[in-house]
$ cat coords20.txt   # compact mmCIF, C-alpha atoms (C1' of nucleotides)
# COMPACT_ATOMS: atom_id res chain seq x y z
CA MET A 7 -9.54 3.33 -23.52
CA THR A 8 -10.28 3.52 -19.83
CA ARG A 9 -9.17 0.03 -18.98
CA LEU A 10 -5.80 0.84 -20.43
CA ARG A 11 -5.53 4.10 -18.55
CA ILE A 12 -6.15 2.25 -15.31
CA LEU A 13 -3.63 -0.41 -16.22
CA ASP A 14 -0.99 2.19 -17.06
CA ALA A 15 -1.49 4.20 -13.90
CA ALA A 16 -1.55 1.02 -11.84
CA GLU A 17 1.70 -0.12 -13.35
CA VAL A 18 3.39 3.12 -12.42
CA LEU A 19 2.22 2.89 -8.82
CA PHE A 20 2.80 -0.83 -8.37
CA VAL A 21 6.28 -0.54 -9.84
CA GLU A 22 7.02 2.26 -7.43
CA GLN A 23 5.46 0.93 -4.25
CA GLY A 24 4.61 -2.73 -4.62
CA PHE A 25 1.23 -4.27 -4.08
CA SER A 26 0.16 -3.55 -0.56
CA ALA A 27 1.40 0.01 -0.32
CA VAL A 28 -0.75 1.15 -3.24
CA LYS A 29 -4.10 2.67 -2.26
CA LEU A 30 -6.97 2.23 -4.67
CA SER A 31 -8.14 5.75 -3.94
CA VAL A 32 -4.78 7.18 -5.00
CA LEU A 33 -4.69 5.01 -8.06
CA ALA A 34 -8.18 6.17 -9.01
CA ARG A 35 -7.19 9.79 -8.75
CA SER A 36 -4.00 9.17 -10.70
CA ALA A 37 -5.84 7.38 -13.50
CA ASP A 38 -8.60 10.01 -13.38
CA VAL A 39 -11.37 7.47 -12.85
CA THR A 40 -13.59 6.56 -9.94
CA LYS A 41 -12.65 3.76 -7.61
CA SER A 42 -15.77 1.88 -8.62
CA LEU A 43 -14.61 1.86 -12.18
CA ILE A 44 -11.47 0.01 -11.22
CA HIS A 45 -13.57 -2.65 -9.61
CA HIS A 46 -15.83 -2.72 -12.61
CA HIS A 47 -12.95 -3.50 -14.92
CA PHE A 48 -10.77 -5.68 -12.75
CA GLY A 49 -12.88 -7.05 -9.95
CA SER A 50 -10.38 -6.60 -7.16
CA LYS A 51 -7.05 -5.09 -6.30
CA GLU A 52 -5.42 -8.51 -6.50
CA ARG A 53 -6.70 -9.15 -9.96
CA LEU A 54 -5.55 -5.73 -11.12
CA TRP A 55 -2.11 -6.50 -9.74
CA GLU A 56 -2.04 -9.74 -11.68
CA ALA A 57 -3.19 -8.01 -14.84
CA VAL A 58 -0.39 -5.47 -14.50
CA LYS A 59 2.20 -8.18 -13.94
CA ASN A 60 0.93 -10.31 -16.78
CA ARG A 61 1.07 -7.47 -19.25
CA ALA A 62 4.58 -6.47 -18.21
CA PHE A 63 5.91 -10.00 -18.23
CA GLU A 64 4.41 -10.65 -21.61
CA ARG A 65 6.21 -7.57 -22.88
CA TYR A 66 9.40 -8.91 -21.39
CA PHE A 67 8.86 -12.38 -22.73
CA THR A 68 8.12 -11.38 -26.30
CA ALA A 69 11.03 -8.97 -26.39
CA GLN A 70 13.41 -11.66 -25.17
CA MET A 71 11.96 -14.30 -27.45
CA ALA A 72 12.37 -12.02 -30.44
CA MET A 73 15.97 -11.42 -29.46
CA LEU A 74 16.60 -15.13 -29.15
CA GLU A 75 14.96 -15.99 -32.43
CA GLU A 76 16.88 -13.50 -34.49
CA ALA A 77 20.10 -14.89 -33.04
CA GLY A 78 22.17 -16.51 -35.74
CA GLU A 79 25.00 -19.01 -35.82
CA PRO A 80 26.27 -20.00 -32.35
CA SER A 81 29.44 -18.12 -31.48
CA ALA A 82 31.13 -16.54 -28.50
CA GLY A 83 30.63 -13.12 -30.03
CA LEU A 84 26.91 -13.71 -30.13
CA LEU A 85 26.88 -14.56 -26.45
CA ARG A 86 28.53 -11.25 -25.73
CA LYS A 87 25.97 -9.47 -27.87
CA SER A 88 23.18 -11.24 -26.01
CA VAL A 89 24.47 -10.15 -22.65
CA GLU A 90 24.73 -6.60 -23.89
CA ALA A 91 21.22 -6.74 -25.29
CA TYR A 92 19.87 -8.14 -22.04
CA PHE A 93 21.65 -5.50 -19.99
CA HIS A 94 20.34 -2.70 -22.16
CA PHE A 95 16.83 -4.08 -22.12
CA MET A 96 16.94 -3.99 -18.34
CA ARG A 97 18.31 -0.47 -18.40
CA ASP A 98 15.54 0.69 -20.72
CA ASN A 99 12.74 -1.08 -18.83
CA PRO A 100 13.27 -0.29 -15.19
CA GLY A 101 9.63 -0.93 -14.48
CA VAL A 102 9.88 -4.55 -15.51
CA VAL A 103 12.94 -4.97 -13.32
CA ARG A 104 11.14 -3.66 -10.26
CA LEU A 105 8.04 -5.68 -11.02
CA PHE A 106 10.23 -8.74 -11.15
CA ALA A 107 11.72 -7.82 -7.81
CA TRP A 108 8.35 -7.38 -6.10
CA THR A 109 7.22 -10.62 -7.60
CA HIS A 110 10.29 -12.47 -6.37
CA LEU A 111 9.73 -11.21 -2.85
CA GLU A 112 6.12 -12.32 -2.96
CA GLY A 113 7.31 -15.79 -3.88
CA ASP A 114 5.05 -15.54 -6.89
CA ASN A 115 6.02 -17.73 -9.81
CA GLN A 116 3.15 -17.22 -12.17
CA CYS A 117 5.57 -16.07 -14.84
CA SER A 118 7.61 -19.23 -14.56
CA GLU A 119 6.15 -21.06 -17.55
CA LEU A 120 7.17 -18.26 -19.86
CA ASP A 121 10.50 -17.90 -18.16
CA ASN A 122 11.27 -21.58 -18.27
CA GLN A 123 10.72 -21.49 -21.99
CA LEU A 124 13.09 -18.57 -22.35
CA VAL A 125 15.79 -20.05 -20.17
CA GLY A 126 15.41 -23.43 -21.77
CA ALA A 127 15.95 -21.95 -25.22
CA GLY A 128 18.89 -19.90 -24.03
CA ALA A 129 20.53 -22.84 -22.30
CA GLU A 130 20.06 -25.00 -25.37
CA TRP A 131 21.78 -22.36 -27.44
CA VAL A 132 24.69 -22.30 -24.99
CA ARG A 133 24.90 -26.09 -25.08
CA GLN A 134 25.18 -26.07 -28.86
CA THR A 135 27.88 -23.44 -28.70
CA GLN A 136 29.73 -25.55 -26.15
CA MET A 137 29.50 -28.64 -28.36
CA ARG A 138 31.16 -26.76 -31.17
CA GLY A 139 34.04 -26.04 -28.84
CA LEU A 140 33.35 -22.31 -28.80
CA LEU A 141 32.64 -22.24 -25.06
CA ARG A 142 34.18 -24.29 -22.30
CA GLN A 143 32.19 -27.42 -21.70
CA ASP A 144 32.63 -28.00 -17.98
CA ILE A 145 29.84 -25.59 -17.03
CA ASN A 146 26.12 -26.21 -16.79
CA PRO A 147 24.57 -24.19 -19.67
CA THR A 148 21.69 -23.04 -17.46
CA HIS A 149 24.22 -21.64 -15.02
CA VAL A 150 25.83 -19.62 -17.80
CA ILE A 151 22.49 -18.00 -18.49
CA ALA A 152 21.81 -17.60 -14.78
CA VAL A 153 25.07 -15.81 -14.08
CA PHE A 154 24.59 -13.02 -16.56
CA VAL A 155 20.85 -12.72 -16.04
CA MET A 156 21.29 -12.41 -12.31
CA THR A 157 24.11 -9.91 -12.57
CA CYS A 158 22.18 -7.67 -14.95
CA THR A 159 19.01 -7.98 -12.90
CA GLN A 160 20.66 -7.17 -9.62
CA TRP A 161 22.57 -4.28 -11.10
CA PHE A 162 19.33 -2.52 -11.87
CA GLU A 163 17.20 -3.86 -9.03
CA ALA A 164 19.58 -2.65 -6.37
CA LYS A 165 20.95 0.32 -8.22
CA CYS A 166 19.94 2.76 -5.51
CA HIS A 167 21.99 0.69 -3.14
CA HIS A 168 25.35 0.30 -4.82
CA GLN A 169 25.44 3.33 -7.09
CA HIS A 170 27.18 5.18 -4.27
CA TRP A 171 29.76 2.53 -3.59
CA PRO A 172 33.23 4.08 -3.72
CA GLY A 173 34.80 3.62 -7.13
CA MET A 174 31.64 2.35 -8.80
CA GLY A 175 31.43 3.25 -12.47
CA SER A 176 28.60 3.97 -14.86
CA ASP A 177 26.24 1.42 -16.37
CA GLU A 178 28.43 1.04 -19.42
CA ALA A 179 31.69 0.87 -17.47
CA PHE A 180 30.30 -1.87 -15.27
CA LEU A 181 28.91 -3.80 -18.22
CA GLU A 182 32.27 -3.65 -19.91
CA ASP A 183 34.11 -4.95 -16.86
CA PHE A 184 31.53 -7.64 -16.28
CA LEU A 185 31.87 -8.76 -19.87
CA LYS A 186 35.64 -8.90 -19.51
CA VAL A 187 35.30 -11.28 -16.60
CA PHE A 188 32.35 -13.22 -17.96
CA MET A 189 33.63 -13.78 -21.49
CA GLU A 190 37.10 -14.69 -20.31
CA GLY A 191 35.45 -17.09 -17.88
CA VAL A 192 33.29 -18.92 -20.37
CA LEU A 193 35.71 -19.13 -23.27
CA PRO A 194 37.58 -22.40 -23.63
CA ARG A 195 41.21 -22.47 -22.51
CA ASP A 196 43.61 -22.90 -25.38
CA MET B 4 12.97 -9.31 27.36
CA THR B 5 9.82 -8.02 25.74
CA ARG B 6 11.49 -5.52 23.46
CA LEU B 7 13.57 -8.31 22.02
CA ARG B 8 10.56 -10.57 21.55
CA ILE B 9 8.85 -7.83 19.56
CA LEU B 10 11.96 -7.19 17.50
CA ASP B 11 12.32 -10.88 16.70
CA ALA B 12 8.71 -11.37 15.73
CA ALA B 13 8.78 -8.17 13.68
CA GLU B 14 11.86 -9.32 11.81
CA VAL B 15 10.16 -12.56 10.85
CA LEU B 16 7.10 -10.76 9.52
CA PHE B 17 8.92 -7.91 7.83
CA VAL B 18 11.31 -10.31 6.16
CA GLU B 19 8.35 -12.30 4.90
CA GLN B 20 6.01 -9.52 3.82
CA GLY B 21 7.85 -6.23 3.71
CA PHE B 22 6.82 -3.09 5.53
CA SER B 23 3.37 -2.14 4.43
CA ALA B 24 1.85 -5.61 4.30
CA VAL B 25 2.57 -6.25 7.96
CA LYS B 26 -0.33 -5.51 10.31
CA LEU B 27 0.54 -4.38 13.80
CA SER B 28 -2.31 -6.48 15.18
CA VAL B 29 -0.87 -9.64 13.66
CA LEU B 30 2.58 -8.76 14.85
CA ALA B 31 1.28 -8.21 18.37
CA ARG B 32 -0.39 -11.60 18.40
CA SER B 33 2.71 -13.25 16.99
CA ALA B 34 4.97 -11.66 19.60
CA ASP B 35 2.38 -12.37 22.30
CA VAL B 36 2.13 -8.75 23.40
CA THR B 37 -0.49 -6.06 23.09
CA LYS B 38 -0.40 -3.59 20.25
CA SER B 39 0.06 -0.76 22.72
CA LEU B 40 3.21 -2.34 23.99
CA ILE B 41 4.75 -2.17 20.57
CA HIS B 42 4.08 1.53 20.49
CA HIS B 43 5.41 1.89 23.97
CA HIS B 44 8.74 0.37 22.98
CA PHE B 45 9.14 1.67 19.44
CA GLY B 46 6.85 4.65 19.01
CA SER B 47 5.59 3.81 15.56
CA LYS B 48 5.53 1.14 12.91
CA GLU B 49 8.12 3.03 10.88
CA ARG B 50 10.53 3.24 13.77
CA LEU B 51 10.11 -0.45 14.50
CA TRP B 52 10.87 -1.19 10.85
CA GLU B 53 14.04 0.86 11.09
CA ALA B 54 15.05 -0.86 14.30
CA VAL B 55 14.62 -4.25 12.66
CA LYS B 56 16.67 -3.20 9.65
CA ASN B 57 19.39 -1.62 11.73
CA ARG B 58 19.82 -4.69 13.85
CA ALA B 59 19.97 -7.02 10.85
CA PHE B 60 22.34 -4.81 8.89
CA GLU B 61 24.61 -4.47 11.86
CA ARG B 62 24.72 -8.25 12.09
CA TYR B 63 25.59 -8.39 8.41
CA PHE B 64 28.16 -5.66 8.67
CA THR B 65 30.05 -7.07 11.64
CA ALA B 66 30.06 -10.56 10.14
CA GLN B 67 31.50 -9.26 6.88
CA MET B 68 33.99 -7.01 8.60
CA ALA B 69 35.24 -9.90 10.69
CA MET B 70 35.63 -11.96 7.55
CA LEU B 71 37.57 -9.19 5.87
CA GLU B 72 39.83 -8.57 8.81
CA GLU B 73 40.90 -12.14 9.27
CA ALA B 74 41.83 -12.27 5.58
CA GLY B 75 45.55 -12.80 5.17
CA GLU B 76 48.04 -12.28 2.39
CA PRO B 77 46.44 -11.14 -0.91
CA SER B 78 46.10 -14.06 -3.30
CA ALA B 79 43.71 -15.38 -5.89
CA GLY B 80 42.90 -18.33 -3.64
CA LEU B 81 41.78 -15.96 -0.94
CA LEU B 82 39.43 -14.21 -3.35
CA ARG B 83 37.83 -17.56 -4.09
CA LYS B 84 37.50 -18.26 -0.39
CA SER B 85 35.89 -14.87 0.11
CA VAL B 86 33.30 -15.48 -2.56
CA GLU B 87 32.51 -18.85 -1.03
CA ALA B 88 32.22 -17.31 2.41
CA TYR B 89 29.94 -14.57 1.11
CA PHE B 90 27.75 -17.05 -0.71
CA HIS B 91 27.41 -19.24 2.34
CA PHE B 92 26.68 -16.30 4.58
CA MET B 93 23.82 -15.38 2.27
CA ARG B 94 22.60 -18.96 2.23
CA ASP B 95 22.62 -19.11 6.03
CA ASN B 96 20.99 -15.71 6.53
CA PRO B 97 18.06 -15.61 4.16
CA GLY B 98 16.35 -13.01 6.32
CA VAL B 99 19.11 -10.51 5.74
CA VAL B 100 18.93 -11.12 2.02
CA ARG B 101 15.22 -10.39 1.91
CA LEU B 102 15.57 -7.37 4.15
CA PHE B 103 18.14 -6.05 1.73
CA ALA B 104 15.76 -6.63 -1.12
CA TRP B 105 12.85 -4.80 0.51
CA THR B 106 15.21 -2.00 1.38
CA HIS B 107 16.47 -1.72 -2.18
CA LEU B 108 12.94 -1.47 -3.49
CA GLU B 109 12.12 1.24 -1.02
CA GLY B 110 15.11 3.19 -2.32
CA ASP B 111 16.33 3.32 1.25
CA ASN B 112 20.07 3.78 1.66
CA GLN B 113 20.42 4.18 5.39
CA CYS B 114 22.82 1.26 5.45
CA SER B 115 25.06 2.83 2.87
CA GLU B 116 27.70 4.23 5.22
CA LEU B 117 28.40 0.78 6.60
CA ASP B 118 28.28 -0.74 3.18
CA ASN B 119 30.58 1.80 1.63
CA GLN B 120 33.12 0.98 4.28
CA LEU B 121 32.83 -2.72 3.51
CA VAL B 122 33.05 -2.31 -0.24
CA GLY B 123 35.85 0.18 0.07
CA ALA B 124 37.92 -2.24 2.10
CA GLY B 125 37.14 -5.10 -0.27
CA ALA B 126 38.00 -3.07 -3.33
CA GLU B 127 41.25 -1.94 -1.77
CA TRP B 128 42.16 -5.54 -1.10
CA VAL B 129 41.44 -6.41 -4.73
CA ARG B 130 43.56 -3.49 -5.88
CA GLN B 131 46.51 -4.70 -3.86
CA THR B 132 46.13 -8.19 -5.25
CA GLN B 133 46.03 -6.72 -8.75
CA MET B 134 49.20 -4.72 -8.10
CA ARG B 135 51.05 -7.88 -7.18
CA GLY B 136 50.07 -9.30 -10.54
CA LEU B 137 47.83 -11.95 -9.01
CA LEU B 138 44.68 -10.60 -10.67
CA ARG B 139 44.26 -8.97 -14.05
CA GLN B 140 44.63 -5.23 -13.77
CA ASP B 141 42.31 -3.95 -16.47
CA ILE B 142 39.22 -4.20 -14.27
CA ASN B 143 37.85 -1.71 -11.76
CA PRO B 144 38.36 -3.33 -8.33
CA THR B 145 34.95 -2.17 -7.14
CA HIS B 146 33.40 -3.94 -10.11
CA VAL B 147 35.11 -7.16 -9.11
CA ILE B 148 33.44 -6.95 -5.73
CA ALA B 149 30.15 -5.90 -7.29
CA VAL B 150 30.01 -8.83 -9.69
CA PHE B 151 30.24 -11.53 -7.08
CA VAL B 152 28.19 -9.69 -4.47
CA MET B 153 25.38 -9.14 -6.94
CA THR B 154 25.43 -12.68 -8.22
CA CYS B 155 25.30 -14.16 -4.73
CA THR B 156 22.63 -11.71 -3.64
CA GLN B 157 20.39 -12.30 -6.60
CA TRP B 158 20.79 -16.04 -6.37
CA PHE B 159 19.16 -16.01 -2.98
CA GLU B 160 16.85 -13.03 -3.43
CA ALA B 161 15.17 -14.50 -6.46
CA LYS B 162 15.58 -18.12 -5.57
CA CYS B 163 11.86 -18.83 -5.75
CA HIS B 164 11.97 -17.56 -9.28
CA HIS B 165 14.81 -19.45 -10.90
CA GLN B 166 15.00 -22.57 -8.80
CA HIS B 167 12.59 -24.19 -11.26
CA TRP B 168 14.50 -23.20 -14.35
CA PRO B 169 15.19 -26.26 -16.45
CA GLY B 170 18.65 -27.65 -15.74
CA MET B 171 19.29 -25.45 -12.72
CA GLY B 172 21.51 -27.09 -10.15
CA SER B 173 21.79 -26.89 -6.39
CA ASP B 174 23.29 -24.02 -4.41
CA GLU B 175 26.67 -25.69 -4.36
CA ALA B 176 26.61 -26.69 -8.02
CA PHE B 177 25.80 -23.14 -9.04
CA LEU B 178 28.46 -21.69 -6.79
CA GLU B 179 31.03 -24.02 -8.28
CA ASP B 180 30.13 -23.06 -11.84
CA PHE B 181 30.05 -19.40 -10.98
CA LEU B 182 33.49 -19.67 -9.42
CA LYS B 183 34.80 -21.40 -12.51
CA VAL B 184 33.69 -18.48 -14.64
CA PHE B 185 34.53 -15.77 -12.15
CA MET B 186 38.00 -16.97 -11.18
CA GLU B 187 38.97 -17.70 -14.75
CA GLY B 188 37.70 -14.23 -15.61
CA VAL B 189 39.68 -12.31 -13.01
CA LEU B 190 42.96 -14.20 -13.18
CA PRO B 191 45.68 -12.62 -15.30
CA ARG B 192 46.32 -14.12 -18.74
CA ASP B 193 49.65 -15.84 -18.93
C1' DA C 15 6.28 2.12 53.50
C1' DA C 16 6.60 5.50 50.39
C1' DG C 17 7.88 7.13 46.08
C1' DC C 18 8.94 6.78 41.34
C1' DG C 19 9.86 5.25 36.78
C1' DT C 20 9.07 1.72 33.63
C1' DA C 21 6.27 -2.14 31.73
C1' DT C 22 1.87 -3.42 30.53
C1' DT C 23 -3.01 -3.41 29.71
C1' DG C 24 -7.65 -2.82 27.50
C1' DA C 25 -10.75 0.26 25.85
C1' DC C 26 -11.19 3.43 22.47
C1' DC C 27 -10.62 6.69 18.29
C1' DG C 28 -10.63 8.91 13.75
C1' DG C 29 -9.72 7.73 9.40
C1' DC C 30 -9.50 5.36 5.52
C1' DC C 31 -9.21 0.92 3.31
C1' DG C 32 -11.18 -2.28 -0.32
C1' DG C 33 -15.39 -3.34 -1.86
C1' DC C 34 -20.49 -3.01 -2.96
C1' DC C 35 -24.70 -1.38 -4.94
C1' DA C 36 -28.52 1.13 -6.91
C1' DG C 37 -28.89 3.95 -10.47
C1' DT C 38 -27.50 6.77 -14.71
C1' DT C 39 -25.50 7.28 -19.19
C1' DA C 40 -23.75 5.85 -23.70
C1' DG C 41 -23.30 2.92 -27.60
C1' DC C 42 -25.36 -0.16 -30.63
C1' DA C 43 -28.18 -3.70 -32.72
C1' DT C 44 -32.94 -4.58 -34.14
C1' DA D 27 -38.06 4.00 -30.89
C1' DT D 28 -36.93 0.10 -28.25
C1' DG D 29 -34.30 -2.85 -25.75
C1' DC D 30 -29.97 -4.56 -24.11
C1' DT D 31 -25.39 -4.52 -22.58
C1' DA D 32 -21.38 -2.42 -21.03
C1' DA D 33 -19.28 1.78 -19.13
C1' DC D 34 -19.50 4.67 -15.49
C1' DT D 35 -20.91 7.33 -11.11
C1' DG D 36 -21.60 8.74 -6.15
C1' DG D 37 -22.56 7.31 -1.99
C1' DC D 38 -22.11 4.26 1.42
C1' DC D 39 -20.54 0.31 4.44
C1' DG D 40 -18.23 -2.88 7.58
C1' DG D 41 -14.00 -3.51 9.16
C1' DC D 42 -9.68 -2.83 10.53
C1' DC D 43 -5.70 0.12 10.36
C1' DG D 44 -2.09 2.67 13.22
C1' DG D 45 -2.14 5.20 17.10
C1' DT D 46 -3.65 7.30 21.89
C1' DC D 47 -4.71 7.39 26.66
C1' DA D 48 -5.87 6.71 31.35
C1' DA D 49 -5.20 3.29 34.61
C1' DT D 50 -2.78 -0.41 36.66
C1' DA D 51 1.03 -3.67 37.95
C1' DC D 52 5.69 -4.21 38.82
C1' DG D 53 10.36 -3.44 40.40
C1' DC D 54 13.77 -0.75 42.50
C1' DT D 55 15.61 2.89 45.51
C1' DT D 56 15.49 5.32 49.85

$ encode --input "coords20.txt" --output "structure tokens"
Amino acid sequence: MTRLRILDAAEVLFVEQGFSAVKLSVLARSADVTKSLIHHHFGSKERLWEAVKNRAFERYFTAQMAMLEEAGEPSAGLLRKSVEAYFHFMRDNPGVVRLFAWTHLEGDNQCSELDNQLVGAGAEWVRQTQMRGLLRQDINPTHVIAVFVMTCTQWFEAKCHHQHWPGMGSDEAFLEDFLKVFMEGVLPRD
Amino acid sequence: MTRLRILDAAEVLFVEQGFSAVKLSVLARSADVTKSLIHHHFGSKERLWEAVKNRAFERYFTAQMAMLEEAGEPSAGLLRKSVEAYFHFMRDNPGVVRLFAWTHLEGDNQCSELDNQLVGAGAEWVRQTQMRGLLRQDINPTHVIAVFVMTCTQWFEAKCHHQHWPGMGSDEAFLEDFLKVFMEGVLPRD
DNA sequence: AAGCGTATTGACCGGCCGGCCAGTTAGCAT
DNA sequence: ATGCTAACTGGCCGGCCGGTCAATACGCTT
């Protein structure tokens, strides 16, 4: 379908360059349609941009929700698994990461309802795990989520920046070290 | 001086909107100069953009270097202080944070020489602290730096995004919780 | 006062941007 | 076949984009 071809090509360009740097003429050529056709299907550049973001964020949201729902009994091991899953999702969906970054810089928070749901569910899960004494209880559950989400996000958002830092390891090496610190930090002291 | 007035106004706009969304005509009005004058002083929009970035990154670099140099005897307490200082620097210089973010998205790494120096020095400091048995030794020192830098950075870069997350606390509350996790995670087990 | 370099101006340019529109084609129900 | 709607096209537009240029004002040396 044409609409889809436009959406796909737009996503590639928007992910790469952000909103204002993308030229409709280039996009048209890249999607192999006429410029008019883009307007026919989406009305304006802004609305196309929103359509692209919505689709990507929905993908993100459903993937995360599925992950959360298939989570079983609260346990520290499960938290570790969740962090790993989140990290690998980010690694495998670099487009979403960049789209998030552009969106943050725009100050756009249209995806916040979905995200609040996600974070709320995650934090609630952490709280339950805390109550069972499996995680230390003197930390705001939302902050637990925030710490690992932000670390994973920034790792991939700013990869071009810190991948050349002296001594920096691979994705997996970093994840492992982060998990060492993070898990040791959230486990209860005995 | 006019050149400075242009640079200042440009920084405000670039920080806000990124490179391509900024219109030279708007910038000229905002700096109260003519468009031609901008070209006279900087040659092109691109070169102005680079001048703005260079100035900001130099500010960042010298501030961080000063912080690092006045650091005393390696100790876990000092690491905590460093994280706090970094966090507060980011809080007090939101422009730098956003400039970093735009730069990351552009894939630009012109600031990498300075940054490598900074990270290298920080990592070396961590390594020495590890060798004295004051930090656990099974973690890549660069990763230690990376974890707290990325968390602080992302906290402020994406603030508009997660500040409305349910249960999210203030800057200081988050920092405190992060430090609880981070410090507990990097200290050696007894 | 003359000379010179720098700062500053306003008018102007070619190009291309996002968007529009009149018209054509294709699919599909009746 | 007829009619209707949605998909699609090419051409065009007004506007503004970044950038240029010739001319002028200013400040400093000699």

$ closest_atom_pairs --input "coords20.txt" --of "chain B" --to "chain A" --cutoff "7 Å" --atoms "only C-alpha atoms" --output "tab-separated table"
residue	atom	partner	partner_atom	distance
B:Ser23	CA	A:Ala27	CA	5.6
B:Ala24	CA	A:Ser26	CA	5.5
B:His107	CA	A:Ala164	CA	5.3
B:Gly110	CA	A:Cys166	CA	5.8
B:Asn112	CA	A:His167	CA	6.0
B:Asn119	CA	A:Trp171	CA	5.3
B:Val122	CA	A:Trp171	CA	6.7
B:Gly123	CA	A:Pro172	CA	6.0
B:Ile142	CA	A:Asp183	CA	5.8
B:Thr145	CA	A:Gly173	CA	5.8
B:His146	CA	A:Phe180	CA	6.4
B:Val150	CA	A:Thr157	CA	6.7
B:Met153	CA	A:Gln160	CA	5.8
B:Thr154	CA	A:Thr157	CA	5.3
B:Gln157	CA	A:Met156	CA	5.8
B:Trp158	CA	A:Met156	CA	7.0
B:Ala161	CA	A:His110	CA	5.3
B:Cys163	CA	A:Gly113	CA	5.8
B:His164	CA	A:Asn115	CA	6.0
B:Trp168	CA	A:Asn122	CA	5.3
B:Pro169	CA	A:Gly126	CA	6.0
B:Gly170	CA	A:Thr148	CA	5.8
B:Met171	CA	A:Thr148	CA	5.8
B:Phe177	CA	A:His149	CA	6.4
B:Asp180	CA	A:Ile145	CA	5.8
B:Phe181	CA	A:Val153	CA	6.9
B:Lys183	CA	A:Gly191	CA	6.9
B:Val184	CA	A:Gly191	CA	3.9
B:Phe185	CA	A:Gly191	CA	6.0
B:Glu187	CA	A:Gly191	CA	4.7
B:Gly188	CA	A:Val187	CA	3.9
B:Val189	CA	A:Val187	CA	5.8

$ residues_around --input "coords20.txt" --residues "B:Leu40" --least-positions-apart "4" --cutoff "8 Å" --atoms "all atoms listed in the file" --output "PDB file with C-alpha atoms (C1' of nucleotides), in the frame of the given file"
ATOM      1  CA  VAL B  36       2.130  -8.750  23.400  1.00  0.00           C
ATOM      2  CA  HIS B  44       8.740   0.370  22.980  1.00  0.00           C
TER       3      HIS B  44
ATOM      4  C1'  DT C  22       1.870  -3.420  30.530  1.00  0.00           C
TER       5       DT C  22
END

$ closest_residue --input "coords20.txt" --among "B:Leu30, B:His42, B:Ile9, B:Glu87" --to "chain D" --atoms "only C-alpha atoms (C1' of nucleotides)"
B:His42

$ atom_distance --input "coords20.txt" --atom1 "atom CA of B:Tyr63" --atom2 "atom CA of B:Met4"
22.8 Å

$ closest_atom_pairs --input "coords20.txt" --of "chain D" --to "chain B" --cutoff "8 Å" --atoms "only C-alpha atoms (C1' of nucleotides)" --output "JSON lines"
{"residue": "D:DC43", "atom": "C1'", "partner": "B:Lys26", "partner_atom": "CA", "distance": 7.8}
{"residue": "D:DG44", "atom": "C1'", "partner": "B:Leu27", "partner_atom": "CA", "distance": 7.5}
{"residue": "D:DG45", "atom": "C1'", "partner": "B:His42", "partner_atom": "CA", "distance": 8.0}

$ atom_distance --input "coords20.txt" --atom1 "atom CA of A:Arg97" --atom2 "atom CA of A:Phe162"
6.9 Å

$ interface_residues --input "coords20.txt" --of "chain C" --to "chain A" --cutoff "12 Å" --atoms "all atoms listed in the file" --output "PDB file with C-alpha atoms (C1' of nucleotides), in the coordinates of the input"
ATOM      1  C1'  DC C  30      -9.500   5.360   5.520  1.00  0.00           C
ATOM      2  C1'  DC C  31      -9.210   0.920   3.310  1.00  0.00           C
ATOM      3  C1'  DG C  32     -11.180  -2.280  -0.320  1.00  0.00           C
ATOM      4  C1'  DG C  33     -15.390  -3.340  -1.860  1.00  0.00           C
ATOM      5  C1'  DC C  34     -20.490  -3.010  -2.960  1.00  0.00           C
ATOM      6  C1'  DC C  35     -24.700  -1.380  -4.940  1.00  0.00           C
TER       7       DC C  35
END

$ atom_distance --input "coords20.txt" --atom1 "atom CA of B:Lys56" --atom2 "atom C1' of D:DT46"
25.9 Å

$ residues_around --input "coords20.txt" --residues "C:DC42" --least-positions-apart "6" --cutoff "12 Å" --atoms "all atoms listed in the file" --output "list in words"
DT28, DG29, DC30, DT31 and DA32 of chain D

$ write_last_selection --input "coords20.txt" --atoms "C-alpha atoms (C1' of nucleotides)" --output "PDB file, in the coordinates of the input"
ATOM      1  C1'  DT D  28     -36.930   0.100 -28.250  1.00  0.00           C
ATOM      2  C1'  DG D  29     -34.300  -2.850 -25.750  1.00  0.00           C
ATOM      3  C1'  DC D  30     -29.970  -4.560 -24.110  1.00  0.00           C
ATOM      4  C1'  DT D  31     -25.390  -4.520 -22.580  1.00  0.00           C
ATOM      5  C1'  DA D  32     -21.380  -2.420 -21.030  1.00  0.00           C
TER       6       DA D  32
END

$ axis_aligned_box --input "coords20.txt" --around "stretch 94-105 of chain A" --padding-each-side "3 Å" --output "lines of an AutoDock Vina configuration file"
center_x = 14.2
center_y = -2.5
center_z = -16.2
size_x = 18.3
size_y = 12.4
size_z = 17.9

$ residues_around --input "coords20.txt" --residues "C:DC18" --least-positions-apart "3" --cutoff "12 Å" --atoms "all atoms listed in the file" --output "list of chain:residue names"
D:DC52, D:DG53, D:DC54, D:DT55, D:DT56

$ decode --input "coords20.txt" --residues "stretch 39-49 of chain D" --atoms "C-alpha atoms (C1' of nucleotides)" --output "tab-separated table (two decimals), in the first residue's frame"
chain	number	residue	atom	x	y	z
D	39	DC	C1'	2.47	29.38	-6.53
D	40	DG	C1'	3.61	32.57	-2.80
D	41	DG	C1'	6.89	32.97	0.33
D	42	DC	C1'	10.90	32.75	2.55
D	43	DC	C1'	15.30	30.50	2.92
D	44	DG	C1'	20.51	31.23	3.18
D	45	DG	C1'	23.57	33.94	1.00
D	46	DT	C1'	25.75	38.03	-1.86
D	47	DC	C1'	27.09	42.61	-2.89
D	48	DA	C1'	27.89	47.40	-3.42
D	49	DA	C1'	27.80	51.24	-0.59
